[in-house]
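Peer 1: If it helps, the file is called run_29.txt and holds compact mmCIF, C-alpha atoms:
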# COMPACT_ATOMS: atom_id res chain seq x y z
CA MET A 291 24.86 0.57 -2.72
CA ARG A 292 21.45 0.49 -1.01
CA THR A 293 20.36 3.12 1.47
CA ARG A 294 18.60 2.45 4.75
CA PRO A 295 14.99 3.50 4.29
CA THR A 296 13.98 6.66 6.13
CA LEU A 297 10.49 5.90 7.39
CA THR A 298 10.02 8.64 9.95
CA TRP A 299 11.29 12.10 10.75
CA SER A 300 10.90 14.27 13.84
CA PRO A 301 11.27 18.07 13.86
CA SER A 302 14.36 19.16 15.80
CA GLY A 303 13.16 22.62 16.81
CA PRO A 304 10.06 24.77 17.17
CA PRO A 305 7.78 24.78 14.11
CA LEU A 306 8.38 27.52 11.59
CA PRO A 307 5.53 29.95 10.86
CA ARG A 308 2.82 28.61 8.57
CA THR A 309 -0.02 30.42 6.85
CA SER A 310 -3.41 29.49 5.44
CA ASP A 311 -3.14 32.26 2.88
CA LEU A 312 -2.00 31.81 -0.73
CA THR A 313 -1.11 35.49 -1.22
CA GLU A 314 2.65 34.92 -1.38
CA VAL A 315 2.33 31.91 -3.67
CA VAL A 316 0.27 33.67 -6.36
CA PRO A 317 3.01 36.00 -7.75
CA LEU A 318 5.50 33.12 -7.62
CA VAL A 319 3.31 31.04 -9.93
CA GLU A 320 2.26 34.01 -12.08
CA SER A 321 5.89 34.70 -12.94
CA GLY A 322 6.21 31.25 -14.55
CA GLY A 323 9.07 28.77 -14.64
CA VAL A 324 7.65 26.89 -11.65
CA LEU A 325 8.85 23.37 -10.95
CA VAL A 326 6.30 21.28 -9.02
CA LEU A 327 7.42 18.54 -6.64
CA SER A 328 4.40 16.53 -5.52
CA GLY A 329 3.92 13.87 -2.86
CA ALA A 330 1.34 11.48 -1.47
CA GLY A 331 -0.65 14.29 0.15
CA LEU A 332 -1.83 15.34 -3.29
CA SER A 333 -3.53 11.98 -3.87
CA THR A 334 -5.33 11.57 -0.55
CA GLU A 335 -8.45 13.23 -1.96
CA SER A 336 -8.48 10.50 -4.63
CA GLY A 337 -8.85 7.88 -1.90
CA ILE A 338 -5.17 6.92 -1.67
CA PRO A 339 -3.92 7.64 1.87
CA ASP A 340 -0.47 9.08 2.47
CA TYR A 341 2.25 7.52 4.63
CA ARG A 342 2.78 10.16 7.26
CA GLY A 343 -0.31 12.37 7.60
CA GLU A 344 -2.81 12.16 10.45
CA GLY A 345 -4.13 8.85 9.15
CA GLY A 346 -0.84 7.87 7.53
CA SER A 347 -0.34 4.20 6.84
CA LEU A 348 3.14 4.12 8.41
CA ARG A 349 1.37 4.16 11.77
CA ARG A 350 0.13 0.64 10.97
CA HIS A 351 2.24 -0.62 8.08
CA THR A 352 5.92 -1.12 7.21
CA PRO A 353 6.41 -0.83 3.46
CA MET A 354 8.13 -3.53 1.44
CA THR A 355 11.88 -2.94 1.23
CA TYR A 356 14.11 -3.68 -1.73
CA GLU A 357 16.23 -6.05 0.36
CA GLU A 358 13.28 -8.17 1.48
CA PHE A 359 11.76 -8.31 -2.00
CA THR A 360 14.97 -9.40 -3.71
CA THR A 361 16.14 -11.91 -1.08
CA SER A 362 12.93 -13.54 0.14
CA ALA A 363 10.57 -15.66 -1.96
CA ALA A 364 8.08 -15.51 0.91
CA GLY A 365 8.40 -11.72 0.95
CA ARG A 366 7.67 -11.56 -2.78
CA GLN A 367 4.68 -13.88 -2.37
CA ARG A 368 3.30 -11.69 0.41
CA TYR A 369 3.92 -8.50 -1.59
CA TRP A 370 2.30 -9.73 -4.81
CA ALA A 371 -0.75 -11.14 -3.01
CA ARG A 372 -1.32 -7.85 -1.23
CA SER A 373 -0.45 -5.70 -4.22
CA HIS A 374 -2.76 -7.76 -6.44
CA VAL A 375 -5.62 -6.56 -4.23
CA GLY A 376 -4.32 -3.00 -3.84
CA TRP A 377 -3.65 -2.49 -7.53
CA ARG A 378 -7.38 -2.66 -8.27
CA THR A 379 -8.00 0.34 -6.02
CA ILE A 380 -5.10 2.31 -7.50
CA ALA A 381 -6.25 1.50 -11.04
CA ARG A 382 -9.76 2.74 -10.24
CA ALA A 383 -8.62 6.00 -8.62
CA HIS A 384 -9.41 9.25 -10.41
CA PRO A 385 -7.49 12.53 -10.37
CA ASN A 386 -8.84 15.02 -7.86
CA ALA A 387 -9.21 18.79 -7.95
CA GLY A 388 -5.54 19.24 -7.00
CA HIS A 389 -4.28 17.18 -9.95
CA HIS A 390 -6.58 19.05 -12.32
CA ALA A 391 -5.40 22.40 -10.95
CA VAL A 392 -1.77 21.45 -11.65
CA THR A 393 -2.76 20.62 -15.23
CA ARG A 394 -4.54 23.98 -15.60
CA LEU A 395 -1.39 25.75 -14.44
CA GLY A 396 0.66 24.04 -17.15
CA SER A 397 1.66 27.27 -18.92
CA ARG A 398 3.28 28.54 -15.72
CA LEU A 399 5.18 25.33 -15.02
CA CYS A 400 8.57 24.20 -16.31
CA GLY A 401 8.05 20.64 -15.10
CA VAL A 402 6.47 18.27 -12.60
CA ILE A 403 8.42 15.79 -10.46
CA THR A 404 6.15 13.44 -8.57
CA GLN A 405 7.07 11.08 -5.76
CA ASN A 406 3.75 9.30 -6.35
CA VAL A 407 3.43 6.04 -8.26
CA ASP A 408 -0.30 6.29 -8.99
CA GLY A 409 -0.20 7.99 -12.42
CA LEU A 410 -2.86 10.53 -11.43
CA HIS A 411 -0.96 13.59 -12.73
CA GLN A 412 -0.90 12.03 -16.19
CA ALA A 413 -4.53 10.93 -15.91
CA ALA A 414 -5.43 14.58 -15.26
CA GLY A 415 -3.67 15.59 -18.48
CA THR A 416 -0.32 16.85 -17.18
CA HIS A 417 2.46 16.07 -19.65
CA ASP A 418 6.16 15.34 -19.20
CA VAL A 419 5.80 14.20 -15.59
CA VAL A 420 8.98 12.73 -14.09
CA GLU A 421 7.96 9.80 -11.90
CA LEU A 422 10.75 9.93 -9.34
CA HIS A 423 9.77 6.62 -7.75
CA GLY A 424 8.44 4.94 -10.90
CA GLY A 425 4.90 3.86 -11.69
CA LEU A 426 2.64 1.02 -10.54
CA ASP A 427 1.23 0.65 -14.05
CA ARG A 428 4.43 -1.11 -15.15
CA VAL A 429 6.32 -4.25 -14.13
CA ILE A 430 10.03 -4.90 -14.68
CA CYS A 431 11.97 -8.17 -14.76
CA LEU A 432 14.97 -8.07 -12.42
CA ASN A 433 16.81 -10.54 -14.66
CA CYS A 434 16.35 -9.37 -18.27
CA GLY A 435 15.01 -5.85 -17.66
CA LEU A 436 11.87 -6.31 -19.75
CA VAL A 437 9.18 -3.77 -18.86
CA SER A 438 5.57 -4.86 -19.34
CA PRO A 439 2.13 -3.43 -18.49
CA ARG A 440 0.70 -4.09 -15.04
CA VAL A 441 -2.68 -4.97 -16.58
CA GLU A 442 -0.98 -7.90 -18.32
CA LEU A 443 0.44 -9.15 -15.02
CA ASP A 444 -2.95 -8.66 -13.38
CA ARG A 445 -4.55 -10.98 -15.95
CA ARG A 446 -1.83 -13.60 -15.39
CA LEU A 447 -2.16 -13.44 -11.60
CA ARG A 448 -5.95 -13.80 -11.84
CA ALA A 449 -5.50 -16.87 -14.03
CA ALA A 450 -2.93 -18.39 -11.67
CA ASN A 451 -5.11 -17.70 -8.60
CA PRO A 452 -8.72 -18.35 -9.69
CA ASP A 453 -9.94 -18.88 -6.13
CA PHE A 454 -8.17 -15.86 -4.62
CA ALA A 455 -10.92 -13.50 -3.44
CA ALA A 456 -9.24 -11.33 -0.79
CA THR A 457 -10.46 -7.76 -0.38
CA THR A 458 -9.49 -4.89 1.90
CA ASP A 459 -10.67 -1.44 2.91
CA GLU A 460 -7.15 -0.16 3.60
CA ILE A 461 -4.61 0.66 0.93
CA ASN A 462 -1.18 2.27 1.03
CA PRO A 463 0.32 4.79 -1.40
CA ASP A 464 2.46 2.04 -2.98
CA GLY A 465 -0.62 -0.10 -3.69
CA ASP A 466 0.22 -2.50 -0.86
CA VAL A 467 -2.51 -3.61 1.55
CA PHE A 468 -2.73 -5.69 4.70
CA LEU A 469 -3.88 -9.28 4.32
CA PRO A 470 -3.89 -12.03 6.97
CA GLU A 471 -1.23 -14.70 6.52
CA GLU A 472 -3.77 -17.40 5.66
CA GLN A 473 -4.89 -15.41 2.60
CA VAL A 474 -1.30 -15.06 1.41
CA ARG A 475 0.29 -18.48 1.89
CA ASP A 476 -1.30 -20.17 -1.16
CA PHE A 477 -0.94 -17.23 -3.53
CA VAL A 478 0.85 -18.22 -6.76
CA VAL A 479 3.46 -15.75 -8.05
CA VAL A 480 4.21 -15.70 -11.77
CA ASP A 481 7.60 -15.10 -13.40
CA CYS A 482 8.81 -13.15 -16.44
CA LEU A 483 7.35 -14.57 -19.66
CA ALA A 484 10.55 -13.79 -21.54
CA CYS A 485 13.18 -15.34 -19.25
CA GLY A 486 11.53 -16.76 -16.12
CA GLY A 487 13.09 -14.07 -13.95
CA VAL A 488 11.65 -12.32 -10.89
CA LEU A 489 9.06 -9.63 -11.64
CA LYS A 490 8.98 -6.43 -9.61
CA PRO A 491 6.69 -3.40 -9.91
CA ASP A 492 8.55 -0.65 -11.75
CA VAL A 493 8.70 1.44 -8.60
CA VAL A 494 11.51 2.38 -6.22
CA PHE A 495 11.05 0.40 -3.02
CA PHE A 496 12.15 1.71 0.36
CA GLY A 497 15.90 1.18 0.61
CA GLU A 498 16.34 1.20 -3.17
CA ASN A 499 18.09 4.02 -4.98
CA VAL A 500 16.38 6.13 -7.62
CA PRO A 501 18.16 5.46 -10.95
CA ARG A 502 20.95 8.00 -11.41
CA PRO A 503 19.82 9.26 -14.84
CA ARG A 504 16.42 10.10 -13.35
CA VAL A 505 18.04 11.98 -10.48
CA GLU A 506 20.16 13.97 -12.96
CA GLN A 507 17.05 14.75 -15.02
CA CYS A 508 15.40 16.17 -11.89
CA TYR A 509 18.49 18.19 -10.99
CA ASP A 510 18.41 19.69 -14.51
CA LEU A 511 14.77 20.67 -13.98
CA VAL A 512 15.68 22.37 -10.70
CA ASP A 513 18.61 24.17 -12.31
CA ASN A 514 16.37 25.55 -15.07
CA ALA A 515 13.45 26.54 -12.85
CA LYS A 516 12.62 29.98 -11.49
CA SER A 517 10.98 28.60 -8.35
CA LEU A 518 10.02 25.33 -6.66
CA LEU A 519 6.50 24.53 -5.44
CA VAL A 520 6.17 21.50 -3.15
CA LEU A 521 2.68 19.98 -2.99
CA GLY A 522 1.57 17.44 -0.40
CA SER A 523 4.92 16.04 0.69
CA SER A 524 6.45 15.72 4.16
CA LEU A 525 9.84 15.54 2.39
CA THR A 526 10.87 12.86 4.87
CA VAL A 527 12.66 10.83 2.20
CA MET A 528 15.93 12.25 0.93
CA SER A 529 15.06 11.34 -2.67
CA GLY A 530 12.67 14.31 -2.73
CA LEU A 531 14.26 16.56 -0.11
CA ARG A 532 17.52 16.83 -2.09
CA PHE A 533 15.78 18.83 -4.82
CA VAL A 534 14.42 21.30 -2.27
CA ARG A 535 17.91 21.68 -0.83
CA ARG A 536 19.38 22.23 -4.29
CA ALA A 537 16.77 24.84 -5.16
CA ALA A 538 17.35 26.72 -1.91
CA ALA A 539 21.13 26.58 -2.33
CA ALA A 540 20.74 28.13 -5.78
CA GLY A 541 18.66 30.95 -4.35
CA LEU A 542 15.36 29.84 -5.90
CA PRO A 543 12.16 30.74 -4.05
CA VAL A 544 10.67 27.62 -2.46
CA ALA A 545 7.00 27.41 -1.46
CA ILE A 546 5.39 24.43 0.29
CA ILE A 547 1.67 23.66 0.42
CA ASN A 548 1.14 20.74 2.78
CA ARG A 549 -0.90 19.66 5.79
CA GLY A 550 1.51 19.89 8.71
CA GLU A 551 5.25 20.37 9.05
CA THR A 552 7.77 19.05 6.55
CA ARG A 553 11.45 18.16 6.69
CA GLY A 554 12.07 20.93 4.14
CA ASP A 555 10.37 23.79 6.00
CA GLN A 556 13.69 25.52 6.76
CA PHE A 557 14.36 25.85 3.02
CA ALA A 558 11.00 27.43 2.17
CA GLY A 559 10.16 31.12 2.06
CA VAL A 560 6.47 30.38 2.46
CA ARG A 561 4.72 27.41 4.10
CA VAL A 562 1.00 27.08 3.47
CA ASP A 563 -1.12 24.68 5.55
CA LEU A 564 -4.28 24.02 3.52
CA PRO A 565 -6.08 21.08 1.87
CA LEU A 566 -4.52 20.57 -1.55
CA GLY A 567 -7.62 20.27 -3.72
CA GLN A 568 -9.22 23.44 -2.44
CA SER A 569 -6.06 25.54 -2.30
CA LEU A 570 -4.70 24.54 -5.71
CA THR A 571 -8.07 25.16 -7.36
CA GLU A 572 -8.12 28.60 -5.80
CA LEU A 573 -4.52 29.21 -6.84
CA ALA A 574 -5.22 28.23 -10.45
CA ASP A 575 -8.37 30.37 -10.52
CA VAL A 576 -6.52 33.46 -9.29
CA VAL A 577 -3.45 33.00 -11.50
CA LEU A 578 -5.42 32.32 -14.67
CA ARG A 579 -7.92 35.11 -13.94
CA HIS A 580 -5.01 37.54 -13.85
CA GLY A 581 -4.18 36.44 -17.38
CA ASN A 582 -0.69 37.10 -18.65
CA GLY A 583 0.68 38.33 -15.40
CA HIS A 584 4.22 37.17 -16.14
Spit out the file's structure as structure tokens when you get a sec.
Peer 2:
Amino acid sequence: MRTRPTLTWSPSGPPLPRTSDLTEVVPLVESGGVLVLSGAGLSTESGIPDYRGEGGSLRRHTPMTYEEFTTSAAGRQRYWARSHVGWRTIARAHPNAGHHAVTRLGSRLCGVITQNVDGLHQAAGTHDVVELHGGLDRVICLNCGLVSPRVELDRRLRAANPDFAATTDEINPDGDVFLPEEQVRDFVVVDCLACGGVLKPDVVFFGENVPRPRVEQCYDLVDNAKSLLVLGSSLTVMSGLRFVRRAAAAGLPVAIINRGETRGDQFAGVRVDLPLGQSLTELADVVLRHGNGH
């Protein structure tokens, strides 16, 4: 069964109190066993805009849905043309101070679940990251299931479209960009080398379900954590919000560091409104300066 994509969310009541102080977060992290749940807000300082922040791309862009991609050849052509351009920006992006701070805090963490598909946690040196929505560095065949590197597809698409020279200044968190129709209509899409099937980025599109084994893996991480720290996510999409709900239901402390309100604010004991790079660097500095405080 496919779910209807949740693209927007509106608060139903007055905003809950927020702070610009990390004081309550420090002992939480010092005590260890912290599970991090990160979102697109963590990667904005790497030049990849989020969907729902002040400059969020959802204000101008409707993401590709699973239904359109799987049922429309024209939709796939449009997606791959745009993603072919966007992928270059994603591939060039570097981890920012926030990603590096998460890596530095590794000894206090029991895991990292990211809703991002940009691979920047891993590029910063964080290990055992669960990519909830997959990764743009891989491509999967919808027919035979073969997974192959995105760089290989990029080479094939360049060869099939030698005169394609579209560029853009705007990119979305899923690597999609806006291109005028005339730049898309002649783009040649390539098929699976093994079986001729349809190729799809190994990411969870809007309206597509996260694979059940991955969801269960994340639930296990929540169940074995001492606390949950949400970083840069509006938690609009249920695929991430469910882990916050589960943590809160189990009595785990939940802390959120994000710019603006989130759909999970009611489940958090502390809500910090600060830029991620600066605040996480400060958090790591304080926690590690205190040494073995747990």
Peer 1: Contacts between stretch 432-454 of chain A and stretch 343-396 of chain A, please, where a residue of stretch 343-396 of chain A counts if it comes within 12 Å (with only C-alpha atoms); show its shortest atom pair and distance in Å to one decimal, rows by chain and ascending number, as JSON lines.
Peer 2:
{"residue": "A:Tyr356", "atom": "CA", "partner": "A:Leu432", "partner_atom": "CA", "distance": 11.6}
{"residue": "A:Phe359", "atom": "CA", "partner": "A:Leu432", "partner_atom": "CA", "distance": 10.9}
{"residue": "A:Thr360", "atom": "CA", "partner": "A:Leu432", "partner_atom": "CA", "distance": 8.8}
{"residue": "A:Gln367", "atom": "CA", "partner": "A:Leu447", "partner_atom": "CA", "distance": 11.5}
{"residue": "A:Trp370", "atom": "CA", "partner": "A:Leu447", "partner_atom": "CA", "distance": 8.9}
{"residue": "A:Ala371", "atom": "CA", "partner": "A:Phe454", "partner_atom": "CA", "distance": 8.9}
{"residue": "A:Arg372", "atom": "CA", "partner": "A:Phe454", "partner_atom": "CA", "distance": 11.1}
{"residue": "A:Ser373", "atom": "CA", "partner": "A:Asp444", "partner_atom": "CA", "distance": 9.9}
{"residue": "A:His374", "atom": "CA", "partner": "A:Asp444", "partner_atom": "CA", "distance": 7.0}
{"residue": "A:Val375", "atom": "CA", "partner": "A:Phe454", "partner_atom": "CA", "distance": 9.7}
{"residue": "A:Gly376", "atom": "CA", "partner": "A:Asp444", "partner_atom": "CA", "distance": 11.2}
{"residue": "A:Trp377", "atom": "CA", "partner": "A:Asp444", "partner_atom": "CA", "distance": 8.5}
{"residue": "A:Arg378", "atom": "CA", "partner": "A:Asp444", "partner_atom": "CA", "distance": 9.0}
{"residue": "A:Ile380", "atom": "CA", "partner": "A:Arg440", "partner_atom": "CA", "distance": 11.5}
{"residue": "A:Ala381", "atom": "CA", "partner": "A:Val441", "partner_atom": "CA", "distance": 9.2}
Peer 1: The residues within 10 Å of (16.1, -15.9, -15.5), using all atoms listed in the file and the coordinates of the file, should be reported as a PyMOL selection string; which are they?
Peer 2: chain A and resi 431-434+481-488
Peer 1: How many Å lie between atom CA of A:Asp418 and atom CA of A:Pro503, rounded to one decimal?
Peer 2: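 Here the two named atoms are 15.6 Å from each other.
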Peer 1: For a quick check of understanding, using all atoms listed in the file, which of A:Gln568, A:Ser333, A:Ser524, A:Ser529 has the smallest distance to A:Thr552?
Peer 2: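 Between A:Gln568, A:Ser333, A:Ser524, A:Ser529, the residue approaching A:Thr552 most closely is A:Ser524.
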Peer 1: I'd like to know which of A:Tyr509, A:Phe533, A:Phe477, A:Phe495 is closest to A:Met354, using all atoms listed in the file.
Peer 2: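 For A:Met354, the nearest of the candidates is A:Phe495.
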Peer 1: Identify which of the residues A:Arg308, A:His423, A:His417, A:Arg366 lies closest to A:Phe496, counting all atoms listed in the file when measuring atom-to-atom distances.
Peer 2: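 Result for the nearest residue to A:Phe496: A:His423.
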Peer 1: What is the atom CA of A:Leu564 to atom CA of A:Pro543 distance in Å?
Peer 2: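 Separation between atom CA of A:Leu564 and atom CA of A:Pro543: 19.3 Å.
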Peer 1: Would you mind telling me which residue in A:Ser302, A:Ser328, A:Ser310, A:Ser397 lies nearest to A:Val420 when using all atoms listed in the file?
Peer 2: A:Ser328
Peer 1: Can you work out which one of A:Thr313, A:Ile461, A:Leu426, A:Thr355 has the shortest atom-to-atom distance to A:Gly337, counting only C-alpha atoms?
Peer 2: A:Ile461
Peer 1: Which polymer residues, protein or nucleic acid, are no farther than 6 Å from (10.3, 22.9, -11.4), counting only C-alpha atoms, as a ChimeraX atom specification?
Peer 2: /A:324-326,400-401,511-512,515,518
Peer 1: Quick one: pull the distance between atom CA of A:Leu327 and atom CA of A:His580, Å, one decimal.
Peer 2: 23.8 Å
Peer 1: Find the residue from A:Gly409, A:Gly567, A:Gly331, A:Gly415 that sits nearest to A:Ala383; use all atoms listed in the file when measuring.
Peer 2: A:Gly409
Peer 1: I want to know what sits within 10 Å of A:Gln405, based on only C-alpha atoms, with residues of the same chain fewer than 4 positions away left out; could you give that as a ChimeraX atom specification?
Peer 2: /A:327-330,420-425,494,522-523,525,527,529-530
Peer 1: Can those selected residues be exported to a file as a PDB file, keeping the file's coordinate frame so that it contains C-alpha atoms?
Peer 2:
ATOM      1  CA  LEU A 327       7.420  18.540  -6.640  1.00  0.00           C
ATOM      2  CA  SER A 328       4.400  16.530  -5.520  1.00  0.00           C
ATOM      3  CA  GLY A 329       3.920  13.870  -2.860  1.00  0.00           C
ATOM      4  CA  ALA A 330       1.340  11.480  -1.470  1.00  0.00           C
ATOM      5  CA  VAL A 420       8.980  12.730 -14.090  1.00  0.00           C
ATOM      6  CA  GLU A 421       7.960   9.800 -11.900  1.00  0.00           C
ATOM      7  CA  LEU A 422      10.750   9.930  -9.340  1.00  0.00           C
ATOM      8  CA  HIS A 423       9.770   6.620  -7.750  1.00  0.00           C
ATOM      9  CA  GLY A 424       8.440   4.940 -10.900  1.00  0.00           C
ATOM     10  CA  GLY A 425       4.900   3.860 -11.690  1.00  0.00           C
ATOM     11  CA  VAL A 494      11.510   2.380  -6.220  1.00  0.00           C
ATOM     12  CA  GLY A 522       1.570  17.440  -0.400  1.00  0.00           C
ATOM     13  CA  SER A 523       4.920  16.040   0.690  1.00  0.00           C
ATOM     14  CA  LEU A 525       9.840  15.540   2.390  1.00  0.00           C
ATOM     15  CA  VAL A 527      12.660  10.830   2.200  1.00  0.00           C
ATOM     16  CA  SER A 529      15.060  11.340  -2.670  1.00  0.00           C
ATOM     17  CA  GLY A 530      12.670  14.310  -2.730  1.00  0.00           C
TER      18      GLY A 530
END
